[in-house]
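Written below as structure tokens is the structure these notes are about.
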Amino acid sequence: MYISENINEFDKIQNIYRNFPTGRLIDISNSITKKYFQNKIYIRGLIEFSNICFNDCKYCGIRLSNRSFNRYELSNEKILSIIEDGYRNGIRTFVLQSGERSYLNSDYNIKKKSSNTPANLKTISLKFIEKVDKLLIEIRRRYSDEVAITLSCGVYERKTYQDWFNLGANRYLLRFETSSGDLYEDLCPGKSFSRRIQALQDLSDIGYEVGSGFLIGLPGETEEITINNLLLCKMLRLDMVGIGPFLAHPETPLAKFPSVDIEQVLKITSLLRILLPESNIPATTATGTLDKLGWEKALSSGANVLMINISPAEMKKEYLLYPGKICIYEDGFKYLSDLKVKLEKIGKQLCFERGDSLTSKRKIGINR
Ligand code: SAH
């Protein structure tokens with residue numbers, strides 16, 4: 001669907017993808033990153049506030065069908081106290097992530113897998129929306145615009161996104177996961193690819209800084225899909241792009257599939273930086289899990305953001321999207337001083353500013 005309109009662009013990216021050595025792409029991406037971000041690495045605090053999810057995505061460890069772990073939801077008081085700790089430690093962007101509890105796409109999965117009726121579902125979903133409403137109100141009551149709030153809770157109706165925006169959410173992360181609608185709908189049963197893209201459009205229209213992205217090396221991904229993943233990020237003019245390797249989770253239908261190697265992740269990261277010079281690109285936890293030095297390597301290949309997991313230790317181990325996830329036993333805040341040293345070694349500097357995306361500043365005409 002996205003290819004035909006962009007044949008030339010597709011060919012161009014494919015040519016680079018096929019013919020440029022990764023080392024060269026990394027060099028180019030580094031000079032671009034330096035130009036726009038100097039050596040700054042923006043820090044975000046990630047709070048995984050609930051692993052309850054109505055979806056059944058075949059790659060994801062917290063899918064509805066996986067009953068091998070405990071489901072939790074942090075109270076708003078708990079989330080607020082984590083934010084306060086983060087604030088005291090200098091963090092000015094908080095990413096609130098959860099499973100998806102939207103009644104939009106969920107009938108299919110729920111009818112198949114649980115005893116919930118659709119009416120019941122709607123109630124659960126509305127309760128979740130209301131919880132987020134209340135949380136946003138309280139965050140804005142306590143903090144001025146000094147802190148940025150990013151939500152990452154899945155696909156909801158435009159009105160919900162608008163309400164959350166009005167209540168103080170600034171940014172939204174919703175990966176499209178793969179640019180192939182067929183592959184997406186095969187991997188996420190009952191979900192609609194075009195509806196997910198529509199959600200990204202809604203978020204952008206409302207005025208959010210929009211983050212999306214994809215998994216690298218999903219079973220079924222072809223070279224054409226890989227190129228289109230990159231192209232779609234560009235077409236959506238994303239303010240932030242989160243990408244990471246697919247890592248097989250043993251309790252999912254994709255348990256037996258291998259992951260890509262780190263070089264492929266770095267190649268894609270640097271290509272993204274070349275295509276989207278001003279967007280924020282995090283070095284993701286999945287990349288840090290794939291390779292011991294994954295973060296450092298991604299931050300030296302075009303990435304400019306780090307999200308540290310500041311969820312409570314006892315919850316982190318229940319939010320296993322994939323196994324081996326790094327940092328789940330560490331205190332996110334204690335980790336900050338280690339991080340500073342690690343980053344200095346690669347010539348980077350930890351930066352505690354809000355770090356609004358340069359693309360969004362340009363959209364609303366702020367001069368830099
Ligand atoms: N419910 C939210 C957040 C999903 S979890 C939403 O729908 O957007 C955040 C991201 O983790 C997902 O978007 C997915 O890209 C990634 N993820 C899930 N399973 C994974 C796996 N097995 N390996 C690597 N990343 C995974």
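Naming scheme: A, B, ... for chains in displayed order of the structure tokens; residues 1 onward per chain; ligands 1 onward as shown.
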
- Query: Using only C-alpha atoms and all ligand atoms, which protein or nucleic acid residues are at most 8 Å from ligand 1, as JSON, numbers by chain?
  - Reply: {"A": [53, 57, 59, 60, 61, 62, 97, 98, 99, 100, 152, 153, 154, 155, 173, 174, 175, 176, 177, 213, 214, 215, 243, 244, 245, 246, 247, 248, 249, 286, 321, 322, 323]}

- Task: Mind checking which residues fall within 10 Å of Tyr87 (chain A), counting only C-alpha atoms, ignoring those fewer than 6 positions away in the same chain, and posting them as a ChimeraX atom specification?
- Result: /A:45,81,93-94,143,146-147

- Atomic distance CA of Val210 (chain A) - CA of Tyr172 (chain A), expressed in Å with one decimal: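 For CA of Val210 (chain A) relative to CA of Tyr172 (chain A), the distance reads 5.3 Å.
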
- Quick one: pick out all helix (DSSP H, G or I) residues within region 120-330 of chain A from a backbone DSSP run and write them as number ranges by chain. A: 120-142, 158-166, 181-187, 193-206, 223-235, 262-275, 285-290, 294-299, 313-316

- Find the spatial neighbours of Val241 (chain A), counting only C-alpha atoms, within a cut-off of 10 Å - ignore same-chain residues fewer than 4 positions away - and output them as a PyMOL selection string. chain A and resi 173-175+210-214+230+233-234+237+269+272-273+276+279-283+303

- Item | Backbone-only DSSP, strand (DSSP E) members of region 76-204 of chain A, as a PyMOL selection string | chain A and resi 93-98+148-152+171-173

Please tabulate, as a tab-separated table, the residues of region 215-334 of chain A that come within 12 Å of region 338-349 of chain A, each with its closest pair of atoms and the distance in Å to one decimal, counting only C-alpha atoms and ordering rows by chain, then residue number upward.
residue	atom	partner	partner_atom	distance
A:Leu293	CA	A:Lys342	CA	10.0
A:Trp295	CA	A:Leu343	CA	9.5
A:Glu296	CA	A:Ile346	CA	7.1
A:Lys297	CA	A:Ile346	CA	9.0
A:Ala298	CA	A:Ile346	CA	11.0
A:Leu299	CA	A:Lys348	CA	8.5
A:Ser300	CA	A:Ile346	CA	7.5
A:Ser301	CA	A:Ile346	CA	11.3
A:Ala303	CA	A:Lys348	CA	11.3
A:Asn304	CA	A:Lys348	CA	9.4
A:Val305	CA	A:Gln349	CA	10.9
A:Leu306	CA	A:Leu339	CA	9.9
A:Met307	CA	A:Leu339	CA	11.4
A:Ile308	CA	A:Leu339	CA	9.7
A:Cys327	CA	A:Leu339	CA	11.8
A:Glu330	CA	A:Asp338	CA	11.3
A:Asp331	CA	A:Asp338	CA	11.3
A:Gly332	CA	A:Leu339	CA	10.1
A:Phe333	CA	A:Asp338	CA	9.7
A:Lys334	CA	A:Asp338	CA	7.6

- Item | Test item: residues at most 6 Å from region 353-361 of chain A, only C-alpha atoms, excluding those fewer than 5 positions along its chain, as a PyMOL selection string | chain A and resi 92-93+239+278+366

- From the list A:Tyr103, A:Val132, A:Glu9, A:Lys40, which residue is nearest Leu74 (chain A) when using only C-alpha atoms?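 For Leu74 (chain A), the nearest of the candidates is A:Val132.
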
- Message: Between CA of Ile47 (chain A) and CA of Ile83 (chain A), what is the distance in Å, rounded to a tenth?
- Response: 8.6 Å
